[in-house]
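Q: Before we start, here is the structure in question, set down as structure tokens.
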Amino acid sequence: MQDIVEINKFLETQFRQNEDRLVSVSPGFIGNLRREAMHNFSVMGLPDRKNESYKYTPLAGAFATEYAMQLIPSKINLNINEIFTCDVPNLNTRLEVILNGFYFSSDNSLLKLENGIIIGSLAEAARKYPDLVSQYYSKLADHATSSLVALNTAFAMDGLFVYLPAGADLQNPIQVVNLPMTGLDTMLHYRNLFILEENSRGEIIVCDHTLSPFRFLTNSVTEIYAGKNTNFYFTRVQNEHLNSNLITNLYINQEAGSHVTTNNISLHGGFTRNNITITLNGEGSENNAYGLFLADREQHVDNYLFIDHAKPNCVSRQLFKGILDNKATGAFNGHIMVRKDAQKTNAFQTNNNILLSDDAKMNTKPQLEIYADDVKCSHGATTGQLDENALFYLQSRGIPRSEARMLMLTAFVYEVIDKINIIPLKDRISHLVGQRLHGELSRCNNCNMNCGEIQPS
Amino acid sequence: MSGINLEVKPGEVHAIMGPNGSGKTTLASTLAGRDFMEVTHGSVTYLGKNLLEMSPEERAWEGIFLGFQYPVEIPGVSMVNFMKTSVNELRKHKGLEPLSAGDFLKYMRDRSQLIEFDSRLVNRSVNEGFSGGEKKRNEIFQMALLAPRLAILDETDSGLDIDALKIVANGVNRLKTKETSTLIITHYQRLLDYIIPDYVHVIYNGQIVRSGSKELAMKLEEKGYEWVRSYVNGQEQ
């Protein structure tokens with residue numbers, strides 16, 4: 001199934017075969033959205049090579065397998081501590097698990113804390129708080145314009161729901177671990193919804209992992225509403241095996257005076273595409289979008305950003321760095337839109353890449369669309385090798401060449417890692433990146449499942 | 001280059017002078033192991049070993065130090081981390097335990113005082129944002145930390161004002177022992193007022209055309225490189 005038309009048909013058939021259950025299992029508003037979204041999908045189909053946004057990241061390969069659709073929760077007696085320790089020493093986090101696209105918990109799947117904070121299963125939240133969820137669900141992630149979002153909207157059953165009422169402080173960060181763990185090639189759609197009312201603050205860390213040696217395609221959607229004067233930090237760490245195909249669609253809407261920082265660390269995986277859409281929808285809001293990716297062998301990583309300056313006096317900063325070795329390929333697209341009314345916009349973008357081999361390839365494209373006339377925007381992209389003069393300088397001081405390379409690569413990535421505001425997490429990621437650069441991190445770290453070294457099929 | 005014949009004994013200071021493009025930096029880089037040039041004939045013996053077969057880091061372990069004409073900026077790599085790694089690599093080669101962070105900082109402080117180096121600079125990335133003078137002084141600081149047996153200083157004086165020149169020269173003189181040798185590469189005689197060479201060699205068109213005592217440098221300063229040119233041309237005719 002290499003042809004995109006065939007793939008589209010396969011996906012439509014999957015929906016039709018499961019339509020009754022998909023629609024009946026969720027509250028009415030989600031059921032209706034599924035039908036609408038699937039209709040939109042059948043009109044659009046998956047983006048093909050002619051689509052400019054997917055020119056360097058053709059999807060046919062990732063979708064080629066006749067995956068099983070995971071539409072019911074897995075009945076696995078999982079002791080999360082036994083098989084998985086995403087240990088960040090000295091970091092007190094609330095650990096949440098999404099297993100095969102479903103919120104996993106042994107007892108209560110939706111928790112309401114004394115201060116009004118709600119954390120837990122999105123499916124459960126939609127049943128329990130339909131008014132709250134329906135007000136936000138699918139309002140950012142547009143299933144009429146993105147067929148991947150449409151696909152997720154049609155199939156996604158569950159995910160993490162977080163609600164911070166006005167003035168709430170999450171205190172300890174939430175760590176969400178996405179675990180695909182099935183006995184056959186599987187397509188997964190999970191969906192997160194985070195709502196931050198005004199003056200609230202919080203930190204959420206999302207870890208994408210794989211736990212069994214099968215071929216996975218994950219197509220996730222995360223919607224984040226950052227209300228007035230909120231502070232939100234979002235970190236994503238991707239560490240999957242070579243047979244994993246990961247597509248993430250992140251949508252953030254920021255109201256006036258809000259500060260949101262995202263940090264996207266792609267450590268390992270077969271195929272990764274991150275779509276990040278940020279709307280600065282209130283005056284004085286500020287967004288920092290940072291990212292780091294490390295790719296070798298035949299891995300592919302693509303970060304596609306769209307920053308929409310819809311209101312005046314907002315600031316956005318993008319910094320994405322990548323290291324590519326062997327035959328790895330990468331892409332970066334940073335689209336900054338400054339609307340006509342968004343005067344006094346400050347928008348900055350940097351993408352730096354290092355190629356460690358002759359066969360590695362990087363495509364980078366800054367894309368600035370400016371309709372206001374009083375703005376400050378900058379962009380810069382570099383792709384090159386390690387500086388031979390610097391390597392020689394280090395070697396001439398007795399540092400072996402391999403160590404000199406490592407010093408320079410570590411220095412290169414540090415600029416991004418340094419932006420992580422949670423110190424124990426920063427140390428942990430710094431350690432993981434170090435391991436990765438030393439070639440020691442070739443499969444999901446900290447996992448005792450021993451998937452072993454999996455070659456792409 | 002062809003016709004470089006040079007013997008440097010322990011405790012000696014040799015100066016190599018010559019006009020632009022005569023091969024001074026090529027010679028220094030070859031000795032340090034830079035691989036952009038190929039040695040097609042001749043040999044270099046260092047402490048009884050074939051130097052040309054050694055990698056740049058092996059040469060450093062054996063005590064060779066190159067003070068760069070243009071020290072390289074390496075953003076993100078801190079001076080402290082760089083020098084700690086470097087010093088401990090040299091110690092490893094000598095079979096010594098690596099210095100702990102505390103011991104290294106103490107060692108670094110001592111050495112920076114010895115050569116009057118502003119130790120605040122060690123908190124920055126390697127050479128990043130350093131002035132021309134600071135970069136050159138940083139080379140001498142690294143030399144002080146690594147305590148080489150053979151220091152090759154490639155135009156360490158260029159870009160220095162007279163005060164900085166004195167400080168750099170004082171540093172080199174303080175680091176000098178009976179066992180260490182120094183090869184000073186320079187355009188001008190000026191530096192040699194502060195670091196007194198035992199021998200002066202004049203390099204021209206890729207070969208050493210004259211060797212002599214300190215007076216040769218004085219003569220060169222007085223008559224200019226034109227004098228060397230006419231001398232060489234006269235010999236050829």
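Convention: chains lettered A, B, ... in structure tokens order; per-chain residue numbering from 1; ligands numbered from 1 as shown.
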So that I can see what lies close to segment 152-168 of chain A, please list as a PyMOL selection string the residues with an atom at most 6 Å from it, counting only C-alpha atoms and leaving out residues fewer than 6 positions away in the same chain.
A: chain A and resi 34+37-38+102-103+117-123+189-200
Q: Would you mind listing, as a list of chain:residue names, all residues of chain A that have at least one atom within 7 Å of chain B, where only C-alpha atoms are what counts?
A: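 That gives A:Asn389, A:Ala390, A:Phe392, A:Tyr393, A:Gln395, A:Ser396, A:Arg397, A:Gly398, A:Ile399, A:Pro400, A:Leu407, A:Met408, A:Ala411, A:Phe412 for chain A.
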Q: Please dump the current selection as an mmCIF file, in the first residue's frame; keep all heavy atoms.
A:
```cif
data_model
loop_
_atom_site.group_PDB
_atom_site.id
_atom_site.type_symbol
_atom_site.label_atom_id
_atom_site.label_comp_id
_atom_site.auth_asym_id
_atom_site.auth_seq_id
_atom_site.Cartn_x
_atom_site.Cartn_y
_atom_site.Cartn_z
ATOM 1 N N ASN A 389 38.828 24.156 11.916
ATOM 2 C CA ASN A 389 39.812 24.967 12.639
ATOM 3 C C ASN A 389 39.640 24.812 14.141
ATOM 4 O O ASN A 389 40.611 24.714 14.878
ATOM 5 C CB ASN A 389 39.665 26.452 12.286
ATOM 6 C CG ASN A 389 40.137 26.729 10.875
ATOM 7 O OD1 ASN A 389 41.115 26.133 10.418
ATOM 8 N ND2 ASN A 389 39.436 27.605 10.183
ATOM 9 N N ALA A 390 38.374 24.774 14.568
ATOM 10 C CA ALA A 390 38.103 24.634 15.999
ATOM 11 C C ALA A 390 38.504 23.240 16.474
ATOM 12 O O ALA A 390 39.084 23.082 17.549
ATOM 13 C CB ALA A 390 36.629 24.897 16.288
ATOM 14 N N PHE A 392 40.828 21.353 15.259
ATOM 15 C CA PHE A 392 42.293 21.293 15.336
ATOM 16 C C PHE A 392 42.793 22.038 16.580
ATOM 17 O O PHE A 392 43.720 21.595 17.253
ATOM 18 C CB PHE A 392 42.933 21.872 14.073
ATOM 19 C CG PHE A 392 44.434 21.915 14.144
ATOM 20 C CD1 PHE A 392 45.173 20.736 14.163
ATOM 21 C CD2 PHE A 392 45.111 23.126 14.218
ATOM 22 C CE1 PHE A 392 46.555 20.767 14.256
ATOM 23 C CE2 PHE A 392 46.493 23.164 14.317
ATOM 24 C CZ PHE A 392 47.218 21.989 14.336
ATOM 25 N N TYR A 393 42.159 23.152 16.858
ATOM 26 C CA TYR A 393 42.541 23.945 18.037
ATOM 27 C C TYR A 393 42.433 23.089 19.296
ATOM 28 O O TYR A 393 43.340 23.041 20.125
ATOM 29 C CB TYR A 393 41.629 25.165 18.130
ATOM 30 C CG TYR A 393 42.054 26.215 19.129
ATOM 31 C CD1 TYR A 393 43.186 26.985 18.915
ATOM 32 C CD2 TYR A 393 41.307 26.456 20.270
ATOM 33 C CE1 TYR A 393 43.569 27.964 19.826
ATOM 34 C CE2 TYR A 393 41.676 27.433 21.187
ATOM 35 C CZ TYR A 393 42.810 28.186 20.960
ATOM 36 O OH TYR A 393 43.180 29.150 21.851
ATOM 37 N N GLN A 395 42.317 19.760 19.419
ATOM 38 C CA GLN A 395 43.255 18.640 19.336
ATOM 39 C C GLN A 395 44.671 19.071 19.709
ATOM 40 O O GLN A 395 45.403 18.338 20.359
ATOM 41 C CB GLN A 395 43.294 18.096 17.900
ATOM 42 C CG GLN A 395 42.173 17.138 17.575
ATOM 43 C CD GLN A 395 42.303 16.665 16.139
ATOM 44 O OE1 GLN A 395 41.909 17.359 15.221
ATOM 45 N NE2 GLN A 395 42.888 15.496 15.945
ATOM 46 N N SER A 396 45.043 20.284 19.277
ATOM 47 C CA SER A 396 46.397 20.764 19.540
ATOM 48 C C SER A 396 46.624 20.966 21.035
ATOM 49 O O SER A 396 47.752 21.187 21.465
ATOM 50 C CB SER A 396 46.658 22.067 18.782
ATOM 51 O OG SER A 396 46.045 23.142 19.466
ATOM 52 N N ARG A 397 45.539 20.907 21.827
ATOM 53 C CA ARG A 397 45.690 21.003 23.282
ATOM 54 C C ARG A 397 45.569 19.631 23.930
ATOM 55 O O ARG A 397 45.283 19.508 25.117
ATOM 56 C CB ARG A 397 44.627 21.948 23.863
ATOM 57 C CG ARG A 397 44.649 23.357 23.304
ATOM 58 C CD ARG A 397 46.005 24.046 23.521
ATOM 59 N NE ARG A 397 45.993 25.431 23.105
ATOM 60 C CZ ARG A 397 46.739 25.940 22.122
ATOM 61 N NH1 ARG A 397 47.557 25.140 21.425
ATOM 62 N NH2 ARG A 397 46.680 27.214 21.817
ATOM 63 N N GLY A 398 45.716 18.593 23.093
ATOM 64 C CA GLY A 398 45.764 17.245 23.645
ATOM 65 C C GLY A 398 44.424 16.559 23.777
ATOM 66 O O GLY A 398 44.317 15.495 24.371
ATOM 67 N N ILE A 399 43.365 17.180 23.252
ATOM 68 C CA ILE A 399 42.041 16.564 23.344
ATOM 69 C C ILE A 399 41.832 15.689 22.101
ATOM 70 O O ILE A 399 41.895 16.195 20.982
ATOM 71 C CB ILE A 399 40.953 17.651 23.455
ATOM 72 C CG1 ILE A 399 41.214 18.503 24.716
ATOM 73 C CG2 ILE A 399 39.567 17.036 23.494
ATOM 74 C CD1 ILE A 399 40.323 19.717 24.857
ATOM 75 N N PRO A 400 41.618 14.390 22.282
ATOM 76 C CA PRO A 400 41.454 13.508 21.123
ATOM 77 C C PRO A 400 40.320 13.985 20.218
ATOM 78 O O PRO A 400 39.347 14.577 20.706
ATOM 79 C CB PRO A 400 41.124 12.144 21.736
ATOM 80 C CG PRO A 400 41.615 12.217 23.136
ATOM 81 C CD PRO A 400 41.503 13.659 23.549
ATOM 82 N N LEU A 407 32.789 17.669 22.481
ATOM 83 C CA LEU A 407 32.753 18.973 23.156
ATOM 84 C C LEU A 407 31.990 19.986 22.305
ATOM 85 O O LEU A 407 31.145 20.734 22.797
ATOM 86 C CB LEU A 407 34.179 19.504 23.362
ATOM 87 C CG LEU A 407 34.872 19.251 24.692
ATOM 88 C CD1 LEU A 407 36.295 19.792 24.641
ATOM 89 C CD2 LEU A 407 34.111 19.917 25.836
ATOM 90 N N MET A 408 32.282 19.972 21.016
ATOM 91 C CA MET A 408 31.658 20.965 20.144
ATOM 92 C C MET A 408 30.178 20.687 19.919
ATOM 93 O O MET A 408 29.365 21.603 19.869
ATOM 94 C CB MET A 408 32.410 21.046 18.813
ATOM 95 C CG MET A 408 33.777 21.688 19.007
ATOM 96 S SD MET A 408 34.694 21.841 17.489
ATOM 97 C CE MET A 408 33.589 22.891 16.564
ATOM 98 N N ALA A 411 28.342 21.646 23.000
ATOM 99 C CA ALA A 411 28.204 23.105 23.048
ATOM 100 C C ALA A 411 27.090 23.568 22.111
ATOM 101 O O ALA A 411 26.304 24.457 22.430
ATOM 102 C CB ALA A 411 29.520 23.761 22.661
ATOM 103 N N PHE A 412 27.011 22.910 20.951
ATOM 104 C CA PHE A 412 26.004 23.271 19.949
ATOM 105 C C PHE A 412 24.588 23.055 20.476
ATOM 106 O O PHE A 412 23.716 23.920 20.334
ATOM 107 C CB PHE A 412 26.245 22.428 18.690
ATOM 108 C CG PHE A 412 25.242 22.640 17.596
ATOM 109 C CD1 PHE A 412 25.268 23.793 16.824
ATOM 110 C CD2 PHE A 412 24.277 21.682 17.317
ATOM 111 C CE1 PHE A 412 24.349 23.994 15.815
ATOM 112 C CE2 PHE A 412 23.353 21.869 16.308
ATOM 113 C CZ PHE A 412 23.391 23.032 15.564
#
```
Q: Which residue gives the smallest distance to Gln435 of chain A among A:Leu386, A:Val338, A:Gly31, A:Leu267, with only C-alpha atoms counted?
A: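 With only C-alpha atoms as the atom set, the closest residue is A:Leu267.
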Q: Fewer than 2 positions away in the same chain doesn't count, so skip those; otherwise give me all residues within 7 Å of segment 181-186 of chain B, counting only C-alpha atoms, as a ChimeraX atom specification.
A: /B:8-17,24,149-155,179,188
Q: Just to be explicit: take each residue in the selection above, keep C-alpha atoms, and write the result as a short mmCIF file (atom, residue, chain, number, x, y, z; two decimals), in the first residue's frame.
A:
```cif
data_model
loop_
_atom_site.label_atom_id
_atom_site.label_comp_id
_atom_site.auth_asym_id
_atom_site.auth_seq_id
_atom_site.Cartn_x
_atom_site.Cartn_y
_atom_site.Cartn_z
CA VAL B 8 66.45 23.04 18.77
CA LYS B 9 68.05 21.82 22.00
CA PRO B 10 66.53 21.87 25.49
CA GLY B 11 66.64 25.31 27.07
CA GLU B 12 67.12 27.13 23.77
CA VAL B 13 65.05 29.93 22.29
CA HIS B 14 64.98 30.12 18.50
CA ALA B 15 63.40 32.93 16.55
CA ILE B 16 62.17 32.51 13.01
CA MET B 17 61.68 35.68 11.04
CA LYS B 24 56.39 30.73 8.81
CA ARG B 149 58.53 21.09 26.44
CA LEU B 150 58.46 22.78 23.06
CA ALA B 151 56.41 25.92 22.64
CA ILE B 152 55.89 27.21 19.11
CA LEU B 153 54.57 30.76 19.23
CA ASP B 154 53.18 31.82 15.87
CA GLU B 155 53.21 35.62 15.68
CA GLU B 179 64.33 21.61 29.79
CA TYR B 188 59.41 42.10 13.87
#
```
Q: Write down as a VMD selection string the residues belonging to segment 46-239 of chain A that are assigned strand (DSSP E or B) by DSSP computed on the backbone.
A: chain A and resid 68 to 69 84 94 to 99 102 to 104 110 to 112 118 to 121 160 to 164 169 174 to 179 186 to 188 191 to 196 201 to 208 216 to 226 231 to 239
Q: Report as a VMD selection string: the residues of segment 180-424 of chain A with a DSSP assignment of alpha helix (DSSP H), based on the backbone of this structure.
A: chain A and resid 388 to 395 401 to 417 423 to 424
Q: Could you please determine the separation between atom CA of Thr182 of chain A and atom CA of Arg127 of chain A in Å, to one decimal place?
A: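 Atom CA of Arg127 of chain A lies 26.8 Å from atom CA of Thr182 of chain A.
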Q: Show me, as a PyMOL selection string, the residues that have an atom within 9 Å of Val228 of chain B when counting only C-alpha atoms, minus same-chain residues fewer than 2 positions from it.
A: chain B and resi 18+202+204+209-210+220+223-226+230-233
Q: Suppose we keep C-alpha atoms; can you now write the selection as a PDB file, in the first residue's frame?
A:
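After the write, selection.pdb holds the following:
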```
ATOM      1  CA  GLY B  18      60.560  36.275   7.533  1.00  0.00           C
ATOM      2  CA  VAL B 202      65.491  33.964   8.433  1.00  0.00           C
ATOM      3  CA  TYR B 204      62.312  33.239   2.757  1.00  0.00           C
ATOM      4  CA  VAL B 209      68.244  31.325   4.059  1.00  0.00           C
ATOM      5  CA  ARG B 210      70.266  32.608   6.981  1.00  0.00           C
ATOM      6  CA  LEU B 220      67.004  42.604   9.563  1.00  0.00           C
ATOM      7  CA  LYS B 223      67.755  46.815   6.507  1.00  0.00           C
ATOM      8  CA  GLY B 224      64.329  45.248   6.014  1.00  0.00           C
ATOM      9  CA  TYR B 225      63.414  42.081   4.181  1.00  0.00           C
ATOM     10  CA  GLU B 226      64.538  43.643   0.914  1.00  0.00           C
ATOM     11  CA  SER B 230      68.774  40.807  -2.633  1.00  0.00           C
ATOM     12  CA  TYR B 231      70.982  38.468  -0.615  1.00  0.00           C
ATOM     13  CA  VAL B 232      69.108  35.425  -1.922  1.00  0.00           C
ATOM     14  CA  ASN B 233      68.973  36.740  -5.467  1.00  0.00           C
TER      15      ASN B 233
END
```
Q: Can you pull out every residue within 9 Å of Gly384 of chain A, counting only C-alpha atoms, but drop anything in the same chain fewer than 5 positions away, and send it as number ranges by chain?
A: A: 352-356
Q: Rounded to one decimal in Å, what is the spacing between atom CA of Ala331 of chain A and atom CA of Thr350 of chain A?
A: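 That distance, rounded to one decimal, is 13.5 Å.
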Q: Show me, as a list of chain:residue names, the residues that have an atom within 9 Å of His438 of chain A when counting only C-alpha atoms, minus same-chain residues fewer than 4 positions from it.
A: A:Met406, A:Val433, A:Gly434
Q: Keeping C-alpha atoms, export the residues of the selection given above as a tab-separated table (two decimals), in the first residue's frame.
A:
```
chain	number	residue	atom	x	y	z
A	406	MET	CA	31.80	15.74	21.40
A	433	VAL	CA	21.52	14.03	24.73
A	434	GLY	CA	25.08	13.26	25.82
```
Q: My list of candidates is A:Ala342, A:Val176, A:Cys207, A:Leu148. Which is closest to Asn249 of chain A when distances are computed with only C-alpha atoms?
A: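 Of the candidates, the smallest distance to Asn249 of chain A is held by A:Leu148.
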Q: Tell me, as a PyMOL selection string, which residues lie within 12 Å of His335 of chain A, counting only C-alpha atoms; anything in the same chain fewer than 4 positions away does not count.
A: chain A and resi 53+275-279+303-309+316-318+347-350+364-370+377-379
Q: Only N, CA and C atoms, please: the residues just picked out, written as a PDB file, in the first residue's frame.
A:
```
ATOM      1  N   SER A  53       3.856  21.946   2.027  1.00  0.00           N
ATOM      2  CA  SER A  53       4.184  21.732   3.443  1.00  0.00           C
ATOM      3  C   SER A  53       4.738  20.338   3.715  1.00  0.00           C
ATOM      4  N   ASN A 275       4.104  19.268  13.941  1.00  0.00           N
ATOM      5  CA  ASN A 275       3.423  20.477  13.465  1.00  0.00           C
ATOM      6  C   ASN A 275       3.089  21.337  14.677  1.00  0.00           C
ATOM      7  N   ILE A 276       3.598  22.541  14.696  1.00  0.00           N
ATOM      8  CA  ILE A 276       3.372  23.414  15.838  1.00  0.00           C
ATOM      9  C   ILE A 276       2.711  24.696  15.358  1.00  0.00           C
ATOM     10  N   THR A 277       1.518  24.956  15.832  1.00  0.00           N
ATOM     11  CA  THR A 277       0.774  26.136  15.412  1.00  0.00           C
ATOM     12  C   THR A 277       0.485  27.000  16.626  1.00  0.00           C
ATOM     13  N   ILE A 278       0.983  28.217  16.603  1.00  0.00           N
ATOM     14  CA  ILE A 278       0.811  29.091  17.754  1.00  0.00           C
ATOM     15  C   ILE A 278       0.110  30.366  17.322  1.00  0.00           C
ATOM     16  N   THR A 279      -0.939  30.727  18.032  1.00  0.00           N
ATOM     17  CA  THR A 279      -1.636  31.965  17.733  1.00  0.00           C
ATOM     18  C   THR A 279      -1.467  32.925  18.901  1.00  0.00           C
ATOM     19  N   ASN A 303      10.339  19.583  11.661  1.00  0.00           N
ATOM     20  CA  ASN A 303       9.608  20.501  12.535  1.00  0.00           C
ATOM     21  C   ASN A 303       8.982  21.588  11.677  1.00  0.00           C
ATOM     22  N   TYR A 304       7.681  21.697  11.762  1.00  0.00           N
ATOM     23  CA  TYR A 304       6.954  22.648  10.926  1.00  0.00           C
ATOM     24  C   TYR A 304       6.202  23.618  11.836  1.00  0.00           C
ATOM     25  N   LEU A 305       6.643  24.868  11.834  1.00  0.00           N
ATOM     26  CA  LEU A 305       6.045  25.833  12.761  1.00  0.00           C
ATOM     27  C   LEU A 305       5.254  26.903  12.033  1.00  0.00           C
ATOM     28  N   PHE A 306       4.156  27.252  12.636  1.00  0.00           N
ATOM     29  CA  PHE A 306       3.390  28.383  12.140  1.00  0.00           C
ATOM     30  C   PHE A 306       3.076  29.285  13.327  1.00  0.00           C
ATOM     31  N   ILE A 307       3.668  30.485  13.325  1.00  0.00           N
ATOM     32  CA  ILE A 307       3.444  31.422  14.432  1.00  0.00           C
ATOM     33  C   ILE A 307       2.600  32.565  13.891  1.00  0.00           C
ATOM     34  N   ASP A 308       1.439  32.713  14.436  1.00  0.00           N
ATOM     35  CA  ASP A 308       0.499  33.704  13.925  1.00  0.00           C
ATOM     36  C   ASP A 308       0.418  34.889  14.889  1.00  0.00           C
ATOM     37  N   HIS A 309       1.029  36.002  14.487  1.00  0.00           N
ATOM     38  CA  HIS A 309       0.920  37.229  15.280  1.00  0.00           C
ATOM     39  C   HIS A 309      -0.388  37.920  14.888  1.00  0.00           C
ATOM     40  N   SER A 316       7.639  36.700  19.648  1.00  0.00           N
ATOM     41  CA  SER A 316       7.848  35.265  19.466  1.00  0.00           C
ATOM     42  C   SER A 316       9.312  35.011  19.150  1.00  0.00           C
ATOM     43  N   ARG A 317       9.814  33.918  19.719  1.00  0.00           N
ATOM     44  CA  ARG A 317      11.202  33.533  19.472  1.00  0.00           C
ATOM     45  C   ARG A 317      11.222  32.056  19.085  1.00  0.00           C
ATOM     46  N   GLN A 318      11.922  31.749  18.021  1.00  0.00           N
ATOM     47  CA  GLN A 318      12.083  30.349  17.640  1.00  0.00           C
ATOM     48  C   GLN A 318      13.562  30.028  17.596  1.00  0.00           C
ATOM     49  N   ALA A 347       9.446  39.349  16.205  1.00  0.00           N
ATOM     50  CA  ALA A 347       9.448  37.924  15.881  1.00  0.00           C
ATOM     51  C   ALA A 347      10.838  37.520  15.417  1.00  0.00           C
ATOM     52  N   PHE A 348      11.390  36.526  16.100  1.00  0.00           N
ATOM     53  CA  PHE A 348      12.754  36.116  15.782  1.00  0.00           C
ATOM     54  C   PHE A 348      12.804  34.611  15.534  1.00  0.00           C
ATOM     55  N   GLN A 349      13.644  34.236  14.589  1.00  0.00           N
ATOM     56  CA  GLN A 349      13.719  32.823  14.251  1.00  0.00           C
ATOM     57  C   GLN A 349      15.152  32.421  13.915  1.00  0.00           C
ATOM     58  N   THR A 350      15.603  31.328  14.490  1.00  0.00           N
ATOM     59  CA  THR A 350      16.934  30.809  14.181  1.00  0.00           C
ATOM     60  C   THR A 350      16.851  29.304  14.003  1.00  0.00           C
ATOM     61  N   THR A 364      15.849  23.551   5.064  1.00  0.00           N
ATOM     62  CA  THR A 364      15.331  24.528   6.015  1.00  0.00           C
ATOM     63  C   THR A 364      14.765  25.718   5.263  1.00  0.00           C
ATOM     64  N   LYS A 365      13.641  26.204   5.772  1.00  0.00           N
ATOM     65  CA  LYS A 365      12.944  27.260   5.053  1.00  0.00           C
ATOM     66  C   LYS A 365      12.307  28.268   6.004  1.00  0.00           C
ATOM     67  N   PRO A 366      12.875  29.445   6.105  1.00  0.00           N
ATOM     68  CA  PRO A 366      12.183  30.500   6.837  1.00  0.00           C
ATOM     69  C   PRO A 366      11.103  31.082   5.930  1.00  0.00           C
ATOM     70  N   GLN A 367       9.998  31.437   6.515  1.00  0.00           N
ATOM     71  CA  GLN A 367       8.890  31.941   5.694  1.00  0.00           C
ATOM     72  C   GLN A 367       8.215  33.057   6.482  1.00  0.00           C
ATOM     73  N   LEU A 368       8.495  34.284   6.106  1.00  0.00           N
ATOM     74  CA  LEU A 368       7.935  35.415   6.835  1.00  0.00           C
ATOM     75  C   LEU A 368       6.890  36.121   5.987  1.00  0.00           C
ATOM     76  N   GLU A 369       5.722  36.268   6.554  1.00  0.00           N
ATOM     77  CA  GLU A 369       4.635  36.926   5.840  1.00  0.00           C
ATOM     78  C   GLU A 369       4.208  38.104   6.703  1.00  0.00           C
ATOM     79  N   ILE A 370       4.529  39.306   6.270  1.00  0.00           N
ATOM     80  CA  ILE A 370       4.335  40.465   7.143  1.00  0.00           C
ATOM     81  C   ILE A 370       3.398  41.474   6.490  1.00  0.00           C
ATOM     82  N   CYS A 377      11.401  41.839  12.733  1.00  0.00           N
ATOM     83  CA  CYS A 377      11.425  40.403  12.485  1.00  0.00           C
ATOM     84  C   CYS A 377      12.808  40.004  11.995  1.00  0.00           C
ATOM     85  N   SER A 378      13.269  38.855  12.407  1.00  0.00           N
ATOM     86  CA  SER A 378      14.541  38.375  11.891  1.00  0.00           C
ATOM     87  C   SER A 378      14.483  36.872  11.721  1.00  0.00           C
ATOM     88  N   HIS A 379      15.273  36.391  10.794  1.00  0.00           N
ATOM     89  CA  HIS A 379      15.388  34.943  10.652  1.00  0.00           C
ATOM     90  C   HIS A 379      16.789  34.609  10.185  1.00  0.00           C
TER      91      HIS A 379
END
```
